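Text of entry_8.cif (mmCIF, C-alpha atoms) as supplied:
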data_work
#
loop_
_atom_site.label_atom_id
_atom_site.label_comp_id
_atom_site.auth_asym_id
_atom_site.auth_seq_id
_atom_site.Cartn_x
_atom_site.Cartn_y
_atom_site.Cartn_z
CA MET T 296 -23.06 26.87 9.15
CA GLU T 297 -25.19 24.74 11.47
CA GLU T 298 -23.83 21.59 9.84
CA LYS T 299 -20.26 22.75 10.36
CA LYS T 300 -20.94 23.44 14.03
CA LYS T 301 -22.40 19.96 14.48
CA GLU T 302 -19.33 18.44 12.83
CA GLU T 303 -16.98 20.37 15.14
CA LEU T 304 -18.90 19.24 18.22
CA GLU T 305 -18.88 15.64 17.05
CA TRP T 306 -15.10 15.68 16.53
CA ARG T 307 -14.60 17.14 20.00
CA ARG T 308 -16.78 14.41 21.49
CA LYS T 309 -14.92 11.66 19.62
CA THR T 310 -11.53 13.05 20.59
CA TRP T 311 -12.27 13.24 24.30
CA LYS T 312 -13.80 9.75 24.21
CA LEU T 313 -10.56 8.37 22.76
CA VAL T 314 -8.39 10.25 25.28
CA SER T 315 -10.52 8.77 28.06
CA LYS T 316 -10.32 5.24 26.62
CA VAL T 317 -6.53 5.36 26.38
CA ARG T 318 -6.32 6.50 30.01
CA LEU T 319 -8.78 3.83 31.14
CA GLU T 320 -7.40 0.88 29.17
CA SER T 321 -3.67 1.78 29.20
CA PRO T 322 -2.94 -0.09 25.96
CA LEU T 323 0.45 -1.77 25.62
CA ILE T 324 2.23 -0.23 22.63
CA GLN T 325 5.30 -1.97 21.25
CA CYS T 326 7.68 0.47 19.57
CA ILE T 327 10.46 -0.70 17.28
CA THR T 328 11.86 2.70 16.60
CA ASN T 329 14.93 4.83 16.08
CA PHE T 330 17.50 5.61 18.75
CA VAL T 331 16.80 9.35 18.70
CA SER T 332 13.06 9.08 19.35
CA MET T 333 12.74 6.41 22.04
CA ASP T 334 12.69 8.76 25.02
CA LEU T 335 10.09 11.20 23.66
CA MET T 336 7.92 8.40 22.28
CA ALA T 337 7.91 6.57 25.60
CA ASN T 338 7.15 9.71 27.58
CA THR T 339 4.39 10.75 25.17
CA LEU T 340 2.73 7.36 25.56
CA LEU T 341 3.07 7.41 29.33
CA SER T 342 1.69 10.95 29.57
CA ALA T 343 -1.30 9.96 27.45
CA GLY T 344 -2.01 6.98 29.71
CA ALA T 345 -0.65 4.20 27.51
CA SER T 346 2.10 1.71 28.32
CA PRO T 347 5.22 1.83 26.08
CA ALA T 348 7.41 -1.19 25.38
CA MET T 349 10.63 -0.62 23.41
CA VAL T 350 11.06 -4.29 22.49
CA HIS T 351 13.38 -4.54 19.47
CA SER T 352 15.02 -7.95 19.59
CA LEU T 353 14.02 -10.44 16.91
CA GLU T 354 14.35 -13.21 19.48
CA GLU T 355 11.52 -11.67 21.55
CA ILE T 356 9.05 -10.85 18.78
CA HIS T 357 7.14 -14.14 18.55
CA GLU T 358 6.66 -14.29 22.31
CA PHE T 359 6.01 -10.62 23.03
CA THR T 360 4.24 -9.07 20.03
CA PRO T 361 1.07 -11.24 20.25
CA ARG T 362 0.44 -9.69 23.69
CA VAL T 363 0.49 -6.05 22.63
CA SER T 364 -2.46 -3.76 21.95
CA ALA T 365 -0.72 -2.12 18.97
CA LEU T 366 2.64 -1.90 17.26
CA CYS T 367 4.53 1.19 16.10
CA LEU T 368 7.33 0.77 13.53
CA ASN T 369 9.69 3.68 12.81
CA VAL T 370 12.55 3.30 10.31
CA GLY T 371 14.51 6.37 11.36
CA THR T 372 17.70 4.46 12.18
CA LEU T 373 16.97 1.43 10.03
CA SER T 374 19.65 -1.26 9.83
CA SER T 375 20.04 -4.75 8.44
CA SER T 376 19.81 -6.03 12.02
CA SER T 377 16.60 -4.14 12.94
CA LEU T 378 14.62 -4.82 9.75
CA PRO T 379 14.02 -8.56 10.38
CA ALA T 380 12.43 -7.75 13.75
CA MET T 381 10.19 -5.14 12.12
CA ILE T 382 9.12 -7.58 9.42
CA ALA T 383 8.44 -10.34 11.94
CA ALA T 384 6.40 -8.03 14.18
CA ALA T 385 4.40 -6.57 11.28
CA LYS T 386 3.69 -10.05 9.92
CA LEU T 387 2.44 -11.24 13.31
CA CYS T 388 0.21 -8.21 13.75
CA SER T 389 -1.26 -8.76 10.30
CA GLN T 390 -1.95 -12.41 11.09
CA LEU T 391 -3.41 -11.72 14.56
CA ASP T 392 -5.43 -8.62 13.61
CA ILE T 393 -3.39 -6.39 15.93
CA PRO T 394 -3.35 -2.78 14.69
CA TRP T 395 0.00 -1.38 13.72
CA VAL T 396 1.34 1.96 12.49
CA LEU T 397 4.24 2.64 10.11
CA ASP T 398 6.41 5.78 10.16
CA PRO T 399 8.45 5.72 6.90
CA VAL T 400 11.11 8.19 8.05
CA ALA T 401 13.21 9.57 5.14
CA VAL T 402 11.85 6.79 2.96
CA SER T 403 13.64 8.02 -0.19
CA ALA T 404 17.05 8.50 1.43
CA SER T 405 18.28 5.17 0.06
CA SER T 406 17.08 2.20 -1.94
CA PHE T 407 17.53 0.01 1.18
CA ARG T 408 15.18 2.22 3.19
CA PHE T 409 12.68 2.58 0.35
CA ASP T 410 12.55 -1.16 -0.33
CA ALA T 411 12.18 -1.87 3.40
CA CYS T 412 9.19 0.44 3.67
CA VAL T 413 7.57 -1.00 0.56
CA GLN T 414 8.07 -4.48 2.02
CA LEU T 415 6.54 -3.45 5.36
CA VAL T 416 3.49 -1.96 3.64
CA GLN T 417 2.74 -5.45 2.29
CA PHE T 418 1.83 -6.47 5.84
CA LYS T 419 -1.12 -4.06 5.85
CA PRO T 420 -0.42 -1.31 8.38
CA THR T 421 -3.53 0.16 9.96
CA VAL T 422 -2.08 3.67 9.63
CA ILE T 423 0.88 5.14 7.75
CA ARG T 424 2.04 8.49 9.18
CA GLY T 425 4.73 10.66 7.63
CA ASN T 426 5.52 14.15 6.46
CA ALA T 427 4.42 15.27 3.01
CA SER T 428 7.65 14.38 1.23
CA GLU T 429 7.71 10.90 2.79
CA ILE T 430 4.11 10.18 1.80
CA ILE T 431 4.66 11.46 -1.75
CA SER T 432 7.76 9.27 -2.07
CA LEU T 433 6.14 6.15 -0.65
CA SER T 434 3.03 6.56 -2.79
CA SER T 435 5.18 6.71 -5.91
CA CYS T 436 6.86 3.34 -5.27
CA SER T 437 9.72 4.61 -7.42
CA LEU T 438 12.95 6.28 -6.39
CA GLN T 439 13.09 7.99 -9.78
CA SER T 440 9.81 9.82 -9.23
CA SER T 441 10.32 10.65 -5.56
CA ALA T 442 12.53 13.60 -6.29
CA ALA T 443 12.72 15.88 -3.33
CA SER T 444 13.19 14.34 0.10
CA MET T 445 16.45 12.73 1.17
CA GLY T 446 16.30 13.44 4.91
CA VAL T 447 13.66 13.56 7.63
CA ASP T 448 12.57 17.16 6.93
CA SER T 449 9.73 17.70 4.48
CA THR T 450 10.27 19.83 1.41
CA HIS T 451 6.52 19.86 0.75
CA GLY T 452 3.55 21.21 2.66
CA SER T 453 0.95 18.70 3.86
CA MET T 454 -1.65 19.99 1.38
CA ASP T 455 0.78 19.18 -1.46
CA ALA T 456 0.44 15.52 -0.51
CA VAL T 457 -3.35 15.14 -0.48
CA GLU T 458 -3.59 13.23 -3.76
CA ALA T 459 -0.53 11.11 -2.97
CA ALA T 460 -1.99 10.28 0.45
CA LYS T 461 -5.31 9.27 -1.09
CA LEU T 462 -3.53 7.07 -3.63
CA LEU T 463 -1.39 5.43 -0.94
CA ALA T 464 -4.49 4.79 1.19
CA GLN T 465 -6.30 3.22 -1.75
CA THR T 466 -3.40 0.97 -2.76
CA SER T 467 -2.28 -0.06 0.74
CA GLY T 468 -5.62 -0.26 2.53
CA ALA T 469 -4.16 1.89 5.32
CA ILE T 470 -5.34 5.16 6.76
CA VAL T 471 -2.72 7.70 5.70
CA ALA T 472 -1.80 10.68 7.88
CA VAL T 473 0.37 13.56 6.69
CA SER T 474 1.90 15.89 9.28
CA GLY T 475 2.28 19.58 8.51
CA ALA T 476 0.91 23.01 9.33
CA THR T 477 -2.43 21.28 8.83
CA ASP T 478 -2.28 17.56 9.54
CA ILE T 479 -4.34 15.65 7.00
CA VAL T 480 -5.76 12.14 7.30
CA THR T 481 -7.44 10.11 4.58
CA ASP T 482 -8.91 6.70 3.91
CA GLY T 483 -8.54 7.24 0.17
CA ASN T 484 -11.84 9.07 -0.18
CA GLN T 485 -12.59 11.18 2.88
CA VAL T 486 -9.94 13.78 3.82
CA VAL T 487 -9.92 15.33 7.30
CA GLY T 488 -7.72 18.12 8.60
CA ALA T 489 -6.42 18.65 12.16
CA HIS T 490 -5.39 22.28 12.54
CA ASN T 491 -3.73 22.22 15.96
CA GLY T 492 -0.07 22.67 16.93
CA VAL T 493 2.61 25.36 16.89
CA PRO T 494 5.58 25.87 14.51
CA LEU T 495 8.17 25.51 17.30
CA MET T 496 7.25 21.82 17.62
CA GLN T 497 9.26 21.32 14.42
CA LYS T 498 12.39 22.38 16.33
CA ILE T 499 12.07 19.44 18.74
CA THR T 500 13.52 16.23 17.37
CA ALA T 501 11.18 13.22 17.28
CA THR T 502 7.86 15.04 17.65
CA GLY T 503 6.72 13.31 14.46
CA CYS T 504 7.83 9.96 15.84
CA ALA T 505 6.04 10.69 19.12
CA VAL T 506 2.73 11.50 17.46
CA THR T 507 2.99 8.28 15.43
CA ALA T 508 3.22 6.37 18.72
CA LEU T 509 0.23 8.32 20.04
CA ILE T 510 -1.73 7.35 16.93
CA ALA T 511 -0.90 3.70 17.70
CA ALA T 512 -2.30 4.13 21.22
CA PHE T 513 -5.51 5.71 19.94
CA VAL T 514 -5.94 3.04 17.25
CA ALA T 515 -5.35 0.37 19.89
CA VAL T 516 -8.51 1.38 21.76
CA ASP T 517 -10.69 1.80 18.65
CA LYS T 518 -9.20 -0.09 15.71
CA SER T 519 -12.53 -0.21 13.85
CA HIS T 520 -12.42 3.59 13.50
CA ALA T 521 -8.77 4.11 12.61
CA LEU T 522 -9.34 7.35 10.71
CA ASP T 523 -11.05 8.94 13.70
CA ALA T 524 -8.30 7.65 15.99
CA ALA T 525 -5.51 9.05 13.81
CA VAL T 526 -7.16 12.46 13.43
CA SER T 527 -7.87 12.67 17.14
CA ALA T 528 -4.31 11.72 18.13
CA LEU T 529 -2.87 14.38 15.84
CA ALA T 530 -5.23 17.01 17.23
CA VAL T 531 -4.54 16.07 20.86
CA PHE T 532 -0.77 16.22 20.34
CA GLY T 533 -1.21 19.60 18.64
CA VAL T 534 -3.34 20.91 21.49
CA ALA T 535 -0.68 19.78 23.99
CA GLY T 536 1.84 21.76 21.93
CA GLU T 537 -0.35 24.86 21.98
CA LEU T 538 -0.80 24.65 25.74
CA GLY T 539 2.89 23.97 26.29
CA MET T 540 3.83 26.94 24.13
CA LYS T 541 2.13 29.29 26.59
CA MET T 542 4.78 28.38 29.17
CA ALA T 543 7.78 27.66 26.94
CA LYS T 544 10.81 29.84 26.30
CA GLY T 545 12.24 27.69 23.52
CA PRO T 546 12.31 24.14 22.11
CA SER T 547 13.69 22.50 25.24
CA SER T 548 11.09 23.93 27.60
CA LEU T 549 8.34 23.34 25.02
CA ARG T 550 9.26 19.65 25.02
CA MET T 551 8.82 19.51 28.79
CA HIS T 552 5.60 21.53 28.85
CA LEU T 553 4.13 19.58 25.92
CA ILE T 554 4.47 16.35 27.87
CA ASP T 555 3.04 17.96 31.02
CA SER T 556 0.13 19.42 29.03
CA LEU T 557 -0.68 16.06 27.49
CA TYR T 558 -0.67 14.46 30.91
CA GLY T 559 -2.91 17.11 32.47
CA LEU T 560 -5.34 17.55 29.59
CA ASP T 561 -8.97 17.79 30.74
CA GLU T 562 -12.22 17.65 28.81
CA ALA T 563 -13.04 21.36 28.89
CA THR T 564 -9.57 22.42 27.78
CA LEU T 565 -9.41 19.85 25.03
CA GLN T 566 -12.82 20.65 23.62
CA SER T 567 -12.14 24.38 23.60
CA HIS T 568 -8.95 23.88 21.58
CA VAL T 569 -9.57 20.97 19.17
CA ASN T 570 -9.83 22.17 15.58
CA ILE T 571 -10.77 19.36 13.18
CA THR T 572 -12.59 19.84 9.87
CA SER T 573 -13.54 17.78 6.83
CA LEU T 574 -11.52 18.94 3.81
CA CYS T 575 -13.36 16.83 1.23
#

In structure tokens, what does this structure look like?
Amino acid sequence: MEEKKKEELEWRRKTWKLVSKVRLESPLIQCITNFVSMDLMANTLLSAGASPAMVHSLEEIHEFTPRVSALCLNVGTLSSSSLPAMIAAAKLCSQLDIPWVLDPVAVSASSFRFDACVQLVQFKPTVIRGNASEIISLSSCSLQSSAASMGVDSTHGSMDAVEAAKLLAQTSGAIVAVSGATDIVTDGNQVVGAHNGVPLMQKITATGCAVTALIAAFVAVDKSHALDAAVSALAVFGVAGELGMKMAKGPSSLRMHLIDSLYGLDEATLQSHVNITSLC
């Protein structure tokens, strides 16, 4: 029991330290993302203290991407025109040791999308964040064995994807985060759970995309501890949702209050709400 208490306190300390570093350093986060999520991603980053840059053009990548603190790639509205920019940015980040995060939205919806995500994984993302069905599909590397998910909604719970997440982490070298009722994060061996958030967050489009961007901001300020950064970002976003829910009347007002809560988050409030545990 004493050991568990020490672990909880340590996670609270780490999480607040990362929140403070993001606010202090204001990392520049390049987001090549889908059209639906841009607004919420940018506002989430701004509220957390980071600086968002929605720079998508292939012509700008070689000049702009080397300057960023981290990159976030989201394939939600993937197209033949956007993929080359994603590949170029991921390749540069890999070469320059800039952390980057992949969100493989609806990875099994088409062979084009699946192949694109598999190709992007070759450039060694620091973190891969998806729902359970997306992570199960991507870990399989086979459309035939990725049966269930064709859209952005998960047909699996996060705990269903633990072994798939561990396998994907081991084969890709990335930290793998799975969003769900309990968010899980693994490096292929250790598995950590973040238990914050409220169900109504699932009724706001792009919350998954937004937390992926937040993970990029946290990894940007501590890339040598990417697992800790990913877990902490998921917990912080969940806490903001819990606080926002106290004032919300529905999804629209929760969206507003979530952003406000993230912006106004203080140490005492955060540490009294963060719920992170080792799962194995």

Nearest candidate to Ile470 (chain T) (options T:Gln325, T:Ser428, T:Ser519, T:Ser406; using all atoms listed in the file):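 Comparing T:Gln325, T:Ser428, T:Ser519, T:Ser406 against Ile470 (chain T), the winner is T:Ser519.
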
Residues returned when the PyMOL selection byres ((chain T and resi 433) around 12) runs on this file, as a ChimeraX atom specification: /T:397-404,406,408-416,423-432,434-442,444,456,459-464,466-467,471,473

Keeping C-alpha atoms for every residue in the selection just given, could you write it to a file as an mmCIF file, keeping the file's coordinate frame?
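See out.cif below for the written result:
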data_model
loop_
_atom_site.group_PDB
_atom_site.id
_atom_site.type_symbol
_atom_site.label_atom_id
_atom_site.label_comp_id
_atom_site.auth_asym_id
_atom_site.auth_seq_id
_atom_site.Cartn_x
_atom_site.Cartn_y
_atom_site.Cartn_z
ATOM 1 C CA LEU T 397 4.240 2.640 10.110
ATOM 2 C CA ASP T 398 6.410 5.780 10.160
ATOM 3 C CA PRO T 399 8.450 5.720 6.900
ATOM 4 C CA VAL T 400 11.110 8.190 8.050
ATOM 5 C CA ALA T 401 13.210 9.570 5.140
ATOM 6 C CA VAL T 402 11.850 6.790 2.960
ATOM 7 C CA SER T 403 13.640 8.020 -0.190
ATOM 8 C CA ALA T 404 17.050 8.500 1.430
ATOM 9 C CA SER T 406 17.080 2.200 -1.940
ATOM 10 C CA ARG T 408 15.180 2.220 3.190
ATOM 11 C CA PHE T 409 12.680 2.580 0.350
ATOM 12 C CA ASP T 410 12.550 -1.160 -0.330
ATOM 13 C CA ALA T 411 12.180 -1.870 3.400
ATOM 14 C CA CYS T 412 9.190 0.440 3.670
ATOM 15 C CA VAL T 413 7.570 -1.000 0.560
ATOM 16 C CA GLN T 414 8.070 -4.480 2.020
ATOM 17 C CA LEU T 415 6.540 -3.450 5.360
ATOM 18 C CA VAL T 416 3.490 -1.960 3.640
ATOM 19 C CA ILE T 423 0.880 5.140 7.750
ATOM 20 C CA ARG T 424 2.040 8.490 9.180
ATOM 21 C CA GLY T 425 4.730 10.660 7.630
ATOM 22 C CA ASN T 426 5.520 14.150 6.460
ATOM 23 C CA ALA T 427 4.420 15.270 3.010
ATOM 24 C CA SER T 428 7.650 14.380 1.230
ATOM 25 C CA GLU T 429 7.710 10.900 2.790
ATOM 26 C CA ILE T 430 4.110 10.180 1.800
ATOM 27 C CA ILE T 431 4.660 11.460 -1.750
ATOM 28 C CA SER T 432 7.760 9.270 -2.070
ATOM 29 C CA SER T 434 3.030 6.560 -2.790
ATOM 30 C CA SER T 435 5.180 6.710 -5.910
ATOM 31 C CA CYS T 436 6.860 3.340 -5.270
ATOM 32 C CA SER T 437 9.720 4.610 -7.420
ATOM 33 C CA LEU T 438 12.950 6.280 -6.390
ATOM 34 C CA GLN T 439 13.090 7.990 -9.780
ATOM 35 C CA SER T 440 9.810 9.820 -9.230
ATOM 36 C CA SER T 441 10.320 10.650 -5.560
ATOM 37 C CA ALA T 442 12.530 13.600 -6.290
ATOM 38 C CA SER T 444 13.190 14.340 0.100
ATOM 39 C CA ALA T 456 0.440 15.520 -0.510
ATOM 40 C CA ALA T 459 -0.530 11.110 -2.970
ATOM 41 C CA ALA T 460 -1.990 10.280 0.450
ATOM 42 C CA LYS T 461 -5.310 9.270 -1.090
ATOM 43 C CA LEU T 462 -3.530 7.070 -3.630
ATOM 44 C CA LEU T 463 -1.390 5.430 -0.940
ATOM 45 C CA ALA T 464 -4.490 4.790 1.190
ATOM 46 C CA THR T 466 -3.400 0.970 -2.760
ATOM 47 C CA SER T 467 -2.280 -0.060 0.740
ATOM 48 C CA VAL T 471 -2.720 7.700 5.700
ATOM 49 C CA VAL T 473 0.370 13.560 6.690
#

Can you pull out the residues contacting Leu387 (chain T)? Cut-off 8 Å, using all atoms listed in the file, and skip same-chain residues under 3 positions away; I want them as an mmCIF file with C-alpha atoms, keeping the file's coordinate frame.
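The result, stored in out_16.cif:
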data_model
loop_
_atom_site.group_PDB
_atom_site.id
_atom_site.type_symbol
_atom_site.label_atom_id
_atom_site.label_comp_id
_atom_site.auth_asym_id
_atom_site.auth_seq_id
_atom_site.Cartn_x
_atom_site.Cartn_y
_atom_site.Cartn_z
ATOM 1 C CA HIS T 357 7.140 -14.140 18.550
ATOM 2 C CA THR T 360 4.240 -9.070 20.030
ATOM 3 C CA PRO T 361 1.070 -11.240 20.250
ATOM 4 C CA ALA T 383 8.440 -10.340 11.940
ATOM 5 C CA ALA T 384 6.400 -8.030 14.180
ATOM 6 C CA GLN T 390 -1.950 -12.410 11.090
ATOM 7 C CA LEU T 391 -3.410 -11.720 14.560
#

Hits of the PyMOL selection byres ((chain T and resi 562) around 12) in this structure, as a PyMOL selection string: chain T and resi 307-315+531+534+557+559-561+563-569

Straight-line distance linking CA of Leu340 (chain T) with CA of His520 (chain T), stated in Å to one decimal: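 Going from CA of Leu340 (chain T) over to CA of His520 (chain T), I get 19.7 Å.
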
d(CA of Asp523 (chain T), CA of Trp395 (chain T)) in Å: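 Calculated distance between CA of Asp523 (chain T) and CA of Trp395 (chain T) is 15.1 Å.
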
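Across the structure, CA of Asp555 (chain T) and CA of Ser342 (chain T) are spaced 7.3 Å apart.
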
Residue nearest Leu553 (chain T) among T:Val331, T:Leu538, T:Ile393, T:Leu341 (counting only C-alpha atoms): T:Leu538

Proximity to Val493 (chain T) - best of T:Ile510, T:Leu549, T:Ala515, T:Ala524, all atoms listed in the file: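 Of T:Ile510, T:Leu549, T:Ala515, T:Ala524, the one nearest Val493 (chain T) is T:Leu549, counting all atoms listed in the file.
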
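The residue set within 9 Å of Pro494 (chain T), counting all atoms listed in the file and dropping same-chain residues fewer than 3 places from it, reads Ala476, Gln497 and Lys498 of chain T.
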
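On the file presented, the PyMOL selection byres ((chain T and resi 330) around 12) picks out Cys326, Ile327, Thr328, Asn329, Val331, Ser332, Met333, Asp334, Leu335, Met336, Ala337, Met349, His351, Asn369, Val370, Gly371, Thr372, Leu373, Ser374, Ser377, Thr500, Ala501 and Cys504 of chain T.
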
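Shell of Leu522 (chain T) at 9 Å, with only C-alpha atoms counted and residues fewer than 6 places along the chain excluded, is Val422, Ile470, Val471, Ala472, Val480, Thr481, Asp482, Val487 and Val514 of chain T.
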
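Among T:Leu366, T:Met496, T:Cys575, T:Ile324, the residue with the shortest atom-to-atom distance to Val457 (chain T), counting only C-alpha atoms, is T:Cys575.
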
For Gly475 (chain T), the nearest of the candidates T:Phe418, T:Lys316, T:Ile499, T:Gly533, counting only C-alpha atoms: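 Looking at the shortest contact to Gly475 (chain T), the residue is T:Gly533.
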
Surrounding residues of Thr477 (chain T) excluding itself and chain neighbours under 4 positions, 8 Å, only C-alpha atoms, as number ranges by chain: T: 453-454, 488-491

Output of the above residues as a compact mmCIF listing (two decimals), in the coordinates of the input, restricted to C-alpha atoms:
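Saved the output as again.txt:
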# COMPACT_ATOMS: atom_id res chain seq x y z
CA SER T 453 0.95 18.70 3.86
CA MET T 454 -1.65 19.99 1.38
CA GLY T 488 -7.72 18.12 8.60
CA ALA T 489 -6.42 18.65 12.16
CA HIS T 490 -5.39 22.28 12.54
CA ASN T 491 -3.73 22.22 15.96

Counting all atoms listed in the file, the residue of T:Pro347, T:Gly492, T:Pro394, T:Gly483 that sits nearest Met540 (chain T):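 Answer, going by the shortest atom-to-atom distance: T:Gly492.
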